Amino acid sequence: METEYISTEQDIDLIRSYLATKDARHFTQLYRRYSGKVYGKCISLLREEHLARDAAQDIFMKIFLNLGQFGEQAKFSTWVYSITYNYCIDVLRKKKKTGDIFSDDMERLPDMVEEVHDEALLTMRSDRLRVVLENIPVGDKAILLMKYQDDLQIKEIADMLHKTESAIKMKIKRAKHKAQMIYDELFPDD
Amino acid sequence: MSTANSFKQIMEEDALMYPTPPEIEEHVLGSLQILSMMGQAMELYIPKVFEMFILTLGGTVKELDTVVKNELPEATPDPDSDNTTPGMAGTHSPDEDLKD
């Protein structure tokens, strides 16, 4: 079956096939592979279904229109997530009329936060982690999702957000600390 | 080492709670088809527009011939060339060689 054959192809093969043939079936495969993840991320960050729907449409149009510029140095999934996060961050910035949600202001503060081990976050009950993520600033939430949900490397996050690797490490450390503080406040008996 | 990851569990739960609305696929793939068709139409008509542009600027038939020749596939014989392949149509007929 042709469909089954195509669905097992690597992302990069689908991209090359699409660029060579302009056959919409190849892009459709890519769309179906990533639509759930992109829409889920939009819902998670934007929190409103109509905003998430519009964002997902625009993100896939951006992906389609820029597919020829996709550099094969990065994984396609990383490129897709980069477009998704940057788009959602931009929407939030415009909606809240705030500046950079990953502002460097925090970096000027002394580094006094305690290191929270990854295990503490990764093993939280998912319903509680969900509540915690809703109660921390969206920039912190986004950076934790990039690191622990999408398994992005520090360098990839730094490139995506146009920050230095050390700034990203510090942001992750602070975001973890905030998440742990919120968790302790909301679930003190645990 | 534990493989538990509540972040990924949330992602899986979200995928079940918020399935991607079908209108996104309709919109994206519909736009893709329209843009592809526009691209094909442009590929087809841009050479014609280019010819019209040359004519508008007072171009000659020879210039148009040059444009057309450049668009011919490599295997197509050049009707103005003396180096035509024997047996193919061209100004230099192999019959002339026989006469000599």
# chains A, B, ... in the order shown; residues from 1 in each chain; ligands from 1
>>> interface_residues(of="chain B", to="chain A", cutoff="9 Å", atoms="only C-alpha atoms", output="list in words")
Ser2, Thr3, Ala4, Asn5, Ser6, Phe7, Lys8, Gln9, Ile10, Met11, Asp14, Ala15, Tyr18, Pro19, Thr20, Pro21, Glu23, Ile24, Glu25, His27, Val28, Leu29, Ser31, Leu32, Gln33 and Ser36 of chain B
>>> write_last_selection(atoms="N, CA and C atoms", output="short mmCIF file (atom, residue, chain, number, x, y, z; two decimals), in the first residue's frame")
data_model
loop_
_atom_site.label_atom_id
_atom_site.label_comp_id
_atom_site.auth_asym_id
_atom_site.auth_seq_id
_atom_site.Cartn_x
_atom_site.Cartn_y
_atom_site.Cartn_z
N SER B 2 14.88 6.00 36.10
CA SER B 2 13.44 6.03 35.82
C SER B 2 13.17 6.63 34.44
N THR B 3 12.17 6.09 33.74
CA THR B 3 11.82 6.66 32.43
C THR B 3 10.55 7.49 32.53
N ALA B 4 10.03 7.68 33.75
CA ALA B 4 8.79 8.45 33.92
C ALA B 4 9.02 9.88 33.46
N ASN B 5 8.05 10.39 32.72
CA ASN B 5 8.13 11.79 32.30
C ASN B 5 6.72 12.34 32.23
N SER B 6 6.34 13.07 33.27
CA SER B 6 4.97 13.59 33.34
C SER B 6 4.71 14.63 32.26
N PHE B 7 5.76 15.29 31.75
CA PHE B 7 5.58 16.27 30.67
C PHE B 7 5.06 15.56 29.42
N LYS B 8 5.65 14.42 29.13
CA LYS B 8 5.21 13.67 27.94
C LYS B 8 3.82 13.08 28.16
N GLN B 9 3.55 12.71 29.41
CA GLN B 9 2.22 12.19 29.72
C GLN B 9 1.17 13.28 29.49
N ILE B 10 1.49 14.51 29.88
CA ILE B 10 0.57 15.64 29.65
C ILE B 10 0.33 15.82 28.15
N MET B 11 1.41 15.68 27.39
CA MET B 11 1.28 15.85 25.93
C MET B 11 0.33 14.80 25.35
N ASP B 14 -3.19 15.65 26.38
CA ASP B 14 -3.69 16.79 25.59
C ASP B 14 -4.13 16.35 24.20
N ALA B 15 -3.36 15.41 23.63
CA ALA B 15 -3.69 14.94 22.28
C ALA B 15 -5.06 14.25 22.28
N TYR B 18 -7.72 17.26 23.24
CA TYR B 18 -7.88 18.28 22.19
C TYR B 18 -7.44 17.74 20.84
N PRO B 19 -8.27 16.90 20.22
CA PRO B 19 -7.88 16.42 18.89
C PRO B 19 -7.84 17.59 17.90
N THR B 20 -6.94 17.49 16.94
CA THR B 20 -6.78 18.60 15.99
C THR B 20 -8.08 18.79 15.20
N PRO B 21 -8.66 20.00 15.22
CA PRO B 21 -9.91 20.23 14.47
C PRO B 21 -9.71 19.96 12.98
N GLU B 23 -10.97 21.27 10.46
CA GLU B 23 -10.94 22.47 9.58
C GLU B 23 -9.52 22.99 9.38
N ILE B 24 -8.61 22.67 10.32
CA ILE B 24 -7.21 23.11 10.13
C ILE B 24 -6.63 22.39 8.92
N GLU B 25 -6.87 21.07 8.86
CA GLU B 25 -6.34 20.29 7.73
C GLU B 25 -6.96 20.79 6.41
N HIS B 27 -8.13 23.72 5.72
CA HIS B 27 -7.59 25.04 5.38
C HIS B 27 -6.17 24.94 4.84
N VAL B 28 -5.33 24.20 5.58
CA VAL B 28 -3.91 24.13 5.21
C VAL B 28 -3.74 23.41 3.87
N LEU B 29 -4.36 22.24 3.75
CA LEU B 29 -4.15 21.47 2.52
C LEU B 29 -4.88 22.12 1.33
N SER B 31 -5.19 25.42 0.96
CA SER B 31 -4.29 26.52 0.56
C SER B 31 -3.10 25.98 -0.21
N LEU B 32 -2.60 24.83 0.25
CA LEU B 32 -1.45 24.20 -0.42
C LEU B 32 -1.79 23.89 -1.88
N GLN B 33 -3.00 23.35 -2.10
CA GLN B 33 -3.41 23.02 -3.48
C GLN B 33 -3.52 24.27 -4.33
N SER B 36 -0.09 25.55 -5.11
CA SER B 36 0.58 24.68 -6.09
C SER B 36 0.05 24.94 -7.49
#
>>> atom_distance(atom1="CA of Tyr183 (chain A)", atom2="CA of Val132 (chain A)")
6.0 Å
>>> atom_distance(atom1="CA of Phe76 (chain A)", atom2="CA of Ala158 (chain A)")
16.9 Å
>>> residues_around(residues="Phe70 (chain A)", least_positions_apart="3", cutoff="12 Å", atoms="only C-alpha atoms", output="PyMOL selection string")
chain A and resi 11-12+15-16+19+62-67+73-80+82-83
>>> write_last_selection(atoms="C-alpha atoms", output="mmCIF file, in the first residue's frame")
data_model
loop_
_atom_site.group_PDB
_atom_site.id
_atom_site.type_symbol
_atom_site.label_atom_id
_atom_site.label_comp_id
_atom_site.auth_asym_id
_atom_site.auth_seq_id
_atom_site.Cartn_x
_atom_site.Cartn_y
_atom_site.Cartn_z
ATOM 1 C CA ASP A 11 10.784 13.399 7.579
ATOM 2 C CA ILE A 12 13.747 14.404 5.480
ATOM 3 C CA ILE A 15 10.634 16.906 2.429
ATOM 4 C CA ARG A 16 13.017 16.006 -0.392
ATOM 5 C CA LEU A 19 10.441 19.659 -2.995
ATOM 6 C CA LYS A 62 4.746 29.112 7.386
ATOM 7 C CA ILE A 63 6.203 25.614 7.358
ATOM 8 C CA PHE A 64 4.874 25.002 3.847
ATOM 9 C CA LEU A 65 6.083 28.333 2.460
ATOM 10 C CA ASN A 66 9.543 27.991 4.036
ATOM 11 C CA LEU A 67 10.097 24.291 3.453
ATOM 12 C CA GLN A 73 21.586 20.745 9.968
ATOM 13 C CA ALA A 74 18.684 20.526 12.430
ATOM 14 C CA LYS A 75 16.026 17.878 12.844
ATOM 15 C CA PHE A 76 12.749 18.722 11.114
ATOM 16 C CA SER A 77 10.874 18.307 14.407
ATOM 17 C CA THR A 78 13.154 20.892 16.049
ATOM 18 C CA TRP A 79 12.514 23.291 13.167
ATOM 19 C CA VAL A 80 8.736 22.768 13.454
ATOM 20 C CA SER A 82 10.933 26.395 16.775
ATOM 21 C CA ILE A 83 8.356 27.945 14.434
#
